[in-house]
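protein-v2.csv (CSV, C-alpha atoms and all ligand atoms)
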```
chain,number,residue,atom,x,y,z
T,326,MET,CA,138.5,75.0,99.0
T,327,VAL,CA,140.3,78.3,99.1
T,328,SER,CA,138.8,79.4,95.7
T,329,ASP,CA,135.3,78.3,97.0
T,330,LEU,CA,135.8,80.6,100.0
T,331,SER,CA,136.9,83.5,97.8
T,332,VAL,CA,133.8,83.1,95.6
T,333,TRP,CA,131.6,83.1,98.7
T,334,SER,CA,133.3,86.2,100.1
T,335,GLN,CA,132.8,87.9,96.7
T,336,VAL,CA,129.1,87.0,96.7
T,337,ILE,CA,128.7,88.3,100.3
T,338,PHE,CA,130.5,91.5,99.4
T,339,ILE,CA,128.3,92.1,96.3
T,340,VAL,CA,125.1,91.4,98.3
T,341,GLY,CA,126.4,93.7,101.0
T,342,GLU,CA,127.0,96.5,98.4
T,343,ILE,CA,123.6,96.0,96.9
T,344,THR,CA,121.9,96.2,100.3
T,345,VAL,CA,123.8,99.4,101.2
T,346,ILE,CA,122.8,100.9,97.8
T,347,VAL,CA,119.1,99.9,98.3
T,348,ILE,CA,119.0,101.4,101.8
T,349,LEU,CA,120.7,104.6,100.6
T,350,GLY,CA,118.2,104.8,97.7
T,351,VAL,CA,115.2,104.3,100.1
T,352,ILE,CA,116.5,107.0,102.5
T,353,LEU,CA,117.1,109.4,99.6
T,354,PHE,CA,113.7,108.7,98.1
T,355,ALA,CA,112.1,109.1,101.6
T,356,PHE,CA,113.8,112.5,102.0
T,357,LEU,CA,112.6,113.6,98.6
T,358,LEU,CA,109.1,112.4,99.4
T,359,VAL,CA,109.0,114.2,102.8
T,360,GLY,CA,110.6,117.3,101.3
T,361,ILE,CA,107.9,117.6,98.6
T,362,SER,CA,105.3,116.8,101.2
T,363,LEU,CA,106.5,119.4,103.7
T,364,TYR,CA,106.6,122.0,100.9
T,365,SER,CA,103.1,121.0,99.8
T,366,ILE,CA,101.8,121.3,103.3
T,367,HIS,CA,103.5,124.7,103.7
T,368,ARG,CA,101.8,125.9,100.4
T,369,GLY,CA,98.5,124.3,101.3
T,370,ARG,CA,98.2,122.1,98.2
T,371,PRO,CA,99.9,118.9,97.1
T,372,PHE,CA,102.6,119.2,94.4
T,373,PHE,CA,103.2,116.1,92.3
T,374,PRO,CA,100.2,114.3,93.9
T,375,ARG,CA,100.7,111.1,91.9
T,376,PHE,CA,104.3,110.8,92.8
T,377,LEU,CA,103.5,111.5,96.5
T,378,LYS,CA,100.7,109.0,96.6
T,379,ALA,CA,102.9,106.2,95.0
T,380,GLY,CA,105.7,107.1,97.4
T,381,MET,CA,103.4,107.1,100.4
T,382,VAL,CA,102.0,103.7,99.5
T,383,LEU,CA,105.5,102.3,99.1
T,384,LEU,CA,107.2,103.9,102.0
T,385,GLU,CA,104.3,104.8,104.4
T,386,GLY,CA,106.2,103.5,107.5
T,387,VAL,CA,109.5,105.2,106.7
T,388,ALA,CA,107.7,108.4,105.7
T,389,ARG,CA,105.7,108.5,108.9
T,390,VAL,CA,108.9,108.1,111.0
T,391,MET,CA,110.5,111.0,109.0
T,392,PHE,CA,107.5,113.2,109.3
T,393,ARG,CA,107.7,112.7,113.1
T,394,ILE,CA,111.3,113.6,113.0
T,395,PHE,CA,110.3,116.8,111.2
T,396,GLY,CA,107.7,117.5,114.0
T,397,LEU,CA,104.6,116.5,112.1
T,398,GLU,CA,101.8,114.7,114.0
T,399,ASP,CA,100.1,111.6,112.6
T,400,ARG,CA,97.0,113.7,112.3
T,401,GLU,CA,98.7,116.2,109.9
T,402,VAL,CA,100.1,113.3,107.9
T,403,LEU,CA,96.7,111.6,107.6
T,404,THR,CA,95.2,115.0,106.5
T,405,PHE,CA,97.8,115.3,103.9
T,406,PHE,CA,97.2,111.8,102.6
T,407,ILE,CA,93.6,112.7,102.1
T,408,GLN,CA,94.5,116.0,100.4
T,409,ILE,CA,96.7,114.1,98.0
T,410,GLN,CA,94.0,111.6,97.2
T,411,ASN,CA,91.4,114.3,96.7
T,412,ALA,CA,93.8,116.3,94.4
T,413,ILE,CA,94.3,113.2,92.2
T,414,ASN,CA,90.6,112.3,92.1
T,415,LYS,CA,89.2,115.8,91.6
T,416,GLY,CA,89.3,115.7,87.7
T,417,PRO,CA,87.8,112.2,87.3
T,418,PHE,CA,85.2,113.0,90.0
T,419,GLU,CA,84.1,116.1,88.1
T,420,ALA,CA,83.6,114.0,85.0
T,421,VAL,CA,81.0,111.7,86.6
T,422,PRO,CA,77.4,112.8,86.2
T,423,VAL,CA,75.8,113.6,89.5
T,424,GLU,CA,73.2,110.8,89.1
T,425,GLN,CA,76.1,108.3,89.3
T,426,ARG,CA,77.5,109.7,92.5
T,427,ALA,CA,76.7,108.9,96.1
T,428,VAL,CA,77.4,110.6,99.5
T,429,PHE,CA,78.0,108.6,102.7
T,430,PHE,CA,77.6,110.4,106.0
T,431,PRO,CA,78.5,108.7,109.3
T,432,GLN,CA,75.5,108.4,111.7
T,433,CYS,CA,77.5,110.1,114.5
T,434,LEU,CA,76.6,113.4,112.7
T,435,ARG,CA,73.0,113.1,113.8
T,436,SER,CA,71.4,114.5,116.9
T,437,SER,CA,71.5,112.3,120.0
T,438,ARG,CA,67.7,112.6,120.0
T,439,CYS,CA,67.5,111.5,116.4
T,440,PRO,CA,64.1,109.7,115.8
T,441,ALA,CA,65.3,107.9,112.6
T,442,HIS,CA,65.4,104.1,112.4
T,443,LEU,CA,68.2,102.0,111.1
T,444,THR,CA,67.2,100.2,107.9
T,445,PRO,CA,69.3,97.9,105.6
T,446,GLU,CA,70.2,101.1,103.7
T,447,GLY,CA,71.3,103.1,106.7
T,448,LEU,CA,69.4,105.6,108.8
T,449,LYS,CA,66.1,106.9,107.2
T,450,CYS,CA,66.4,110.5,108.1
T,451,GLN,CA,63.0,112.2,108.8
T,452,SER,CA,64.4,115.7,108.4
T,453,CYS,CA,63.2,116.4,112.0
T,454,GLY,CA,65.2,119.6,112.2
T,455,GLN,CA,67.4,118.5,115.1
T,456,CYS,CA,70.6,118.3,113.1
T,457,SER,CA,71.9,119.7,109.8
T,458,LEU,CA,71.8,116.3,108.1
T,459,GLY,CA,68.1,116.6,107.4
T,460,TYR,CA,68.5,119.9,105.5
T,461,TRP,CA,71.7,119.1,103.5
T,462,ARG,CA,70.5,115.5,102.7
T,463,LYS,CA,67.5,117.1,100.9
T,464,VAL,CA,69.8,119.6,99.1
T,465,LEU,CA,72.1,116.9,97.9
T,466,GLU,CA,69.2,114.7,96.8
T,467,GLN,CA,67.8,117.6,94.8
T,468,LEU,CA,71.1,117.9,93.1
T,469,GLY,CA,70.9,114.3,92.0
T,470,TYR,CA,73.0,112.5,94.7
T,471,LYS,CA,72.1,109.3,96.4
T,472,VAL,CA,72.6,110.0,100.1
T,473,PHE,CA,73.2,107.5,102.8
T,474,ILE,CA,73.7,107.9,106.6
T,475,VAL,CA,75.5,104.8,107.7
T,476,PRO,CA,76.9,103.2,110.8
T,477,GLY,CA,79.9,101.6,109.2
T,478,SER,CA,81.9,100.6,106.1
T,479,SER,CA,79.9,97.4,105.6
T,480,PHE,CA,76.9,99.5,104.7
T,481,ILE,CA,78.9,101.4,102.2
T,482,LYS,CA,80.1,98.2,100.4
T,483,ARG,CA,76.5,96.9,100.4
T,484,MET,CA,75.1,100.2,98.9
T,485,VAL,CA,77.8,100.3,96.3
T,486,LYS,CA,77.0,96.8,95.3
T,487,LYS,CA,73.3,97.6,95.1
T,488,TYR,CA,73.4,101.1,93.4
T,489,HIS,CA,76.7,101.0,91.5
T,490,PRO,CA,77.7,104.6,91.9
T,491,LYS,CA,80.8,105.5,89.9
T,492,ALA,CA,82.0,108.2,92.3
T,493,ILE,CA,81.4,108.7,96.0
T,494,ILE,CA,81.9,111.4,98.7
T,495,GLY,CA,82.9,109.9,102.1
T,496,VAL,CA,82.4,112.0,105.2
T,497,GLY,CA,84.0,110.9,108.4
T,498,CYS,CA,86.8,111.2,110.9
T,499,LEU,CA,90.4,111.2,109.6
T,500,THR,CA,91.0,107.4,110.0
T,501,GLU,CA,87.6,106.5,108.5
T,502,VAL,CA,88.1,108.8,105.5
T,503,LYS,CA,91.6,107.5,104.8
T,504,GLU,CA,90.5,103.9,105.1
T,505,GLY,CA,87.4,104.6,103.0
T,506,LEU,CA,89.4,106.2,100.3
T,507,GLU,CA,91.7,103.2,100.1
T,508,MET,CA,88.8,100.8,100.1
T,509,ALA,CA,87.0,102.8,97.3
T,510,ASP,CA,90.2,102.9,95.3
T,511,LYS,CA,90.5,99.1,95.5
T,512,ILE,CA,86.9,98.5,94.2
T,513,GLY,CA,87.3,100.9,91.3
T,514,LEU,CA,85.3,103.9,92.6
T,515,ILE,CA,86.4,107.5,92.4
T,516,PRO,CA,86.3,108.7,96.0
T,517,MET,CA,86.6,112.2,97.5
T,518,GLY,CA,86.9,112.6,101.3
T,519,VAL,CA,85.7,115.2,103.7
T,520,VAL,CA,86.9,115.1,107.3
T,521,THR,CA,84.6,115.9,110.2
T,522,THR,CA,85.5,119.0,112.2
T,523,ARG,CA,84.7,117.3,115.5
T,524,GLU,CA,85.4,113.7,116.2
T,525,GLY,CA,83.7,111.3,118.5
T,526,CYS,CA,80.8,108.8,118.6
T,527,VAL,CA,77.9,111.3,119.0
T,528,GLU,CA,76.9,114.7,117.6
T,529,THR,CA,80.0,115.2,115.6
T,530,ASP,CA,80.2,118.0,113.1
T,531,VAL,CA,81.3,118.8,109.6
T,532,ASN,CA,81.9,122.0,107.7
T,533,TRP,CA,79.0,121.9,105.2
T,534,ASP,CA,80.8,124.4,102.9
T,535,ASP,CA,83.5,121.8,102.5
T,536,VAL,CA,81.0,119.1,101.7
T,537,MET,CA,79.2,121.3,99.2
T,538,GLU,CA,82.4,122.5,97.6
T,539,VAL,CA,83.2,118.8,96.8
T,540,ALA,CA,79.6,117.9,95.9
T,541,LEU,CA,79.3,120.8,93.4
T,542,LEU,CA,82.5,119.8,91.5
T,543,GLY,CA,81.7,119.4,87.8
T,544,ILE,CA,78.1,120.6,88.2
T,545,GLU,CA,77.4,123.8,86.2
T,546,ARG,CA,75.7,126.4,88.2
T,547,SER,CA,73.0,126.8,85.5
T,548,LYS,CA,72.1,123.1,85.9
T,549,ILE,CA,71.5,123.4,89.7
T,550,PRO,CA,67.8,123.4,90.4
T,551,GLU,CA,66.4,126.8,91.2
T,552,GLU,CA,65.1,125.7,94.6
T,553,VAL,CA,68.6,124.4,95.6
T,554,ARG,CA,70.6,127.4,94.4
T,555,HIS,CA,69.7,129.7,97.3
T,556,CYS,CA,70.8,127.0,99.8
T,557,LEU,CA,74.3,126.8,98.5
T,558,PRO,CA,77.4,128.5,99.8
T,559,ALA,CA,78.2,131.7,97.8
T,601,LIG,S1,67.5,115.6,110.8
T,601,LIG,FE1,67.5,113.4,110.3
T,601,LIG,S2,69.4,112.6,111.0
T,601,LIG,FE2,69.2,114.6,112.0
T,601,LIG,S3,68.2,114.1,114.0
T,601,LIG,FE3,66.5,114.5,112.5
T,601,LIG,S4,66.0,112.5,111.7
T,601,LIG,FE4,68.0,112.3,112.7
```
Just give me the structure of the file as structure tokens.
Amino acid sequence: MVSDLSVWSQVIFIVGEITVIVILGVILFAFLLVGISLYSIHRGRPFFPRFLKAGMVLLEGVARVMFRIFGLEDREVLTFFIQIQNAINKGPFEAVPVEQRAVFFPQCLRSSRCPAHLTPEGLKCQSCGQCSLGYWRKVLEQLGYKVFIVPGSSFIKRMVKKYHPKAIIGVGCLTEVKEGLEMADKIGLIPMGVVTTREGCVETDVNWDDVMEVALLGIERSKIPEEVRHCLPA
């Protein structure tokens, strides 16, 4: 009986030791993760993006708490998640021919007086001139992109199923882009995210230079149609 108790107390002691080691390991790992993240944010580009991404997936909750302790808002953390993802995907995205890429814009970018109708493939923009979507949609299509203006992620999934793009650009608010990048990752697409500069449900905005910077990745200037070249950022 006495020896049974001593075996049990030894087991409990070992389990306790392992638990403490695991907790210390998690805390150390989280510190390392947050340290590299803060340095990356300070330098404006992600260092060791694959390590950061794996760490964030494993320890997202702990890392968020620690980011808050270091004074970072959720918004900054989400922006950083997206930068990491974009940094990892940039190379593979560049390698995909533009004909196998698609761009998804949220319908909140359109004018509140938009005359376009919703179809099973999203809004059919009439390039009426009341918002920038009409102009840049044409530029992107001339480059070879499939362009969709959609009200939600269910349209994205449907269009991906129908047209099988290999790489996509998702434009949206921070949360939409983060969730979209994760969804695209899961279904084997190479996603790049661009966050809108003004959030909301109507007449939001995006920096078109940011969109085009991503859209032009991997496309040689000489291969850009003449009629499109003059529309592009310098
Ligand atoms: S340009 Fe296209 S998306 Fe913008 S308001 Fe006109 S029809 Fe709607």
Near ligand LIG 601 (chain T), 7 Å: chain T residue rows, closest pairs, all atoms listed in the file, as JSON lines:
```
{"residue": "T:Arg435", "atom": "CA", "partner": "T:LIG601", "partner_atom": "FE2", "distance": 4.5}
{"residue": "T:Ser436", "atom": "CA", "partner": "T:LIG601", "partner_atom": "S3", "distance": 4.3}
{"residue": "T:Arg438", "atom": "CA", "partner": "T:LIG601", "partner_atom": "S3", "distance": 6.2}
{"residue": "T:Cys439", "atom": "CA", "partner": "T:LIG601", "partner_atom": "S3", "distance": 3.6}
{"residue": "T:Pro440", "atom": "CA", "partner": "T:LIG601", "partner_atom": "S4", "distance": 5.3}
{"residue": "T:Ala441", "atom": "CA", "partner": "T:LIG601", "partner_atom": "S4", "distance": 4.7}
{"residue": "T:Cys450", "atom": "CA", "partner": "T:LIG601", "partner_atom": "FE1", "distance": 3.8}
{"residue": "T:Gln451", "atom": "CA", "partner": "T:LIG601", "partner_atom": "S4", "distance": 4.2}
{"residue": "T:Ser452", "atom": "CA", "partner": "T:LIG601", "partner_atom": "S1", "distance": 3.9}
{"residue": "T:Cys453", "atom": "CA", "partner": "T:LIG601", "partner_atom": "FE3", "distance": 3.8}
{"residue": "T:Gly454", "atom": "CA", "partner": "T:LIG601", "partner_atom": "S1", "distance": 4.8}
{"residue": "T:Gln455", "atom": "CA", "partner": "T:LIG601", "partner_atom": "S3", "distance": 4.6}
{"residue": "T:Cys456", "atom": "CA", "partner": "T:LIG601", "partner_atom": "FE2", "distance": 4.1}
{"residue": "T:Ser457", "atom": "CA", "partner": "T:LIG601", "partner_atom": "S1", "distance": 6.1}
{"residue": "T:Leu458", "atom": "CA", "partner": "T:LIG601", "partner_atom": "FE2", "distance": 5.0}
{"residue": "T:Gly459", "atom": "CA", "partner": "T:LIG601", "partner_atom": "S1", "distance": 3.6}
{"residue": "T:Tyr460", "atom": "CA", "partner": "T:LIG601", "partner_atom": "S1", "distance": 6.9}
```
Å distance separating atom CA of Arg368 of chain T from atom CA of Asp510 of chain T, one decimal place: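 Taking atom CA of Arg368 of chain T and atom CA of Asp510 of chain T, their separation equals 26.3 Å.
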Using all atoms listed in the file, determine which residues lie at most 12 Å from Gly495 of chain T, disregarding the query and same-chain residues fewer than 3 positions distant; provide the list as a PyMOL selection string. chain T and resi 407+411+426-431+472-475+477-478+481+492+498-509+514-521+531+535-536+539-540
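Proximity to Arg462 of chain T was assessed for T:His442, T:Leu434, T:Ala388, T:Gly416 counting only C-alpha atoms; the smallest distance is recorded for T:Leu434.
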Grab the atom CA of Leu443 of chain T to atom CA of Gln425 of chain T distance for me, in Å with one decimal place.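 For atom CA of Leu443 of chain T relative to atom CA of Gln425 of chain T, the distance reads 24.0 Å.
One finds atom CA of Lys415 of chain T at 22.7 Å from atom CA of Pro550 of chain T.
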Using only C-alpha atoms, pick whichever of T:Glu342, T:Met537, T:Ile544, T:Val496 has the shortest atom-to-atom distance to Leu557 of chain T. T:Met537
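Within the 8 Å cut-off around Gly543 of chain T, using all atoms listed in the file and omitting residues fewer than 6 positions from it on the same chain, the listed residues are Phe418, Glu419, Ala420 and Val421 of chain T.
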Residue nearest Phe406 of chain T among T:Leu384, T:Pro374, T:Gln432, T:Ser479 (counting only C-alpha atoms):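 Among the listed residues, the smallest separation from Phe406 of chain T belongs to T:Pro374.
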Provide segment 358-369 of chain T rebuilt to N, CA and C atoms, formatted as a PDB file, keeping the file's coordinate frame.
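Result saved to rebuild.pdb:
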```
ATOM      1  N   LEU T 358     110.529 112.537  99.167  1.00  0.00           N
ATOM      2  CA  LEU T 358     109.100 112.400  99.400  1.00  0.00           C
ATOM      3  C   LEU T 358     108.658 113.402 100.529  1.00  0.00           C
ATOM      4  N   VAL T 359     109.392 113.330 101.639  1.00  0.00           N
ATOM      5  CA  VAL T 359     109.000 114.200 102.800  1.00  0.00           C
ATOM      6  C   VAL T 359     109.280 115.639 102.457  1.00  0.00           C
ATOM      7  N   GLY T 360     110.357 115.923 101.696  1.00  0.00           N
ATOM      8  CA  GLY T 360     110.600 117.300 101.300  1.00  0.00           C
ATOM      9  C   GLY T 360     109.494 117.901 100.499  1.00  0.00           C
ATOM     10  N   ILE T 361     109.044 117.147  99.455  1.00  0.00           N
ATOM     11  CA  ILE T 361     107.900 117.600  98.600  1.00  0.00           C
ATOM     12  C   ILE T 361     106.663 117.752  99.472  1.00  0.00           C
ATOM     13  N   SER T 362     106.468 116.770 100.369  1.00  0.00           N
ATOM     14  CA  SER T 362     105.300 116.800 101.200  1.00  0.00           C
ATOM     15  C   SER T 362     105.265 118.021 102.121  1.00  0.00           C
ATOM     16  N   LEU T 363     106.407 118.288 102.770  1.00  0.00           N
ATOM     17  CA  LEU T 363     106.500 119.400 103.700  1.00  0.00           C
ATOM     18  C   LEU T 363     106.231 120.738 102.924  1.00  0.00           C
ATOM     19  N   TYR T 364     106.813 120.826 101.722  1.00  0.00           N
ATOM     20  CA  TYR T 364     106.600 122.000 100.900  1.00  0.00           C
ATOM     21  C   TYR T 364     105.143 122.163 100.534  1.00  0.00           C
ATOM     22  N   SER T 365     104.525 121.022 100.169  1.00  0.00           N
ATOM     23  CA  SER T 365     103.100 121.000  99.800  1.00  0.00           C
ATOM     24  C   SER T 365     102.244 121.477 100.975  1.00  0.00           C
ATOM     25  N   ILE T 366     102.554 120.925 102.161  1.00  0.00           N
ATOM     26  CA  ILE T 366     101.800 121.300 103.300  1.00  0.00           C
ATOM     27  C   ILE T 366     101.928 122.775 103.620  1.00  0.00           C
ATOM     28  N   HIS T 367     103.164 123.261 103.475  1.00  0.00           N
ATOM     29  CA  HIS T 367     103.500 124.700 103.700  1.00  0.00           C
ATOM     30  C   HIS T 367     102.656 125.565 102.726  1.00  0.00           C
ATOM     31  N   ARG T 368     102.551 125.099 101.444  1.00  0.00           N
ATOM     32  CA  ARG T 368     101.800 125.900 100.400  1.00  0.00           C
ATOM     33  C   ARG T 368     100.341 125.627 100.426  1.00  0.00           C
ATOM     34  N   GLY T 369      99.904 124.606 101.200  1.00  0.00           N
ATOM     35  CA  GLY T 369      98.500 124.300 101.300  1.00  0.00           C
ATOM     36  C   GLY T 369      97.882 123.573 100.144  1.00  0.00           C
TER      37      GLY T 369
END
```
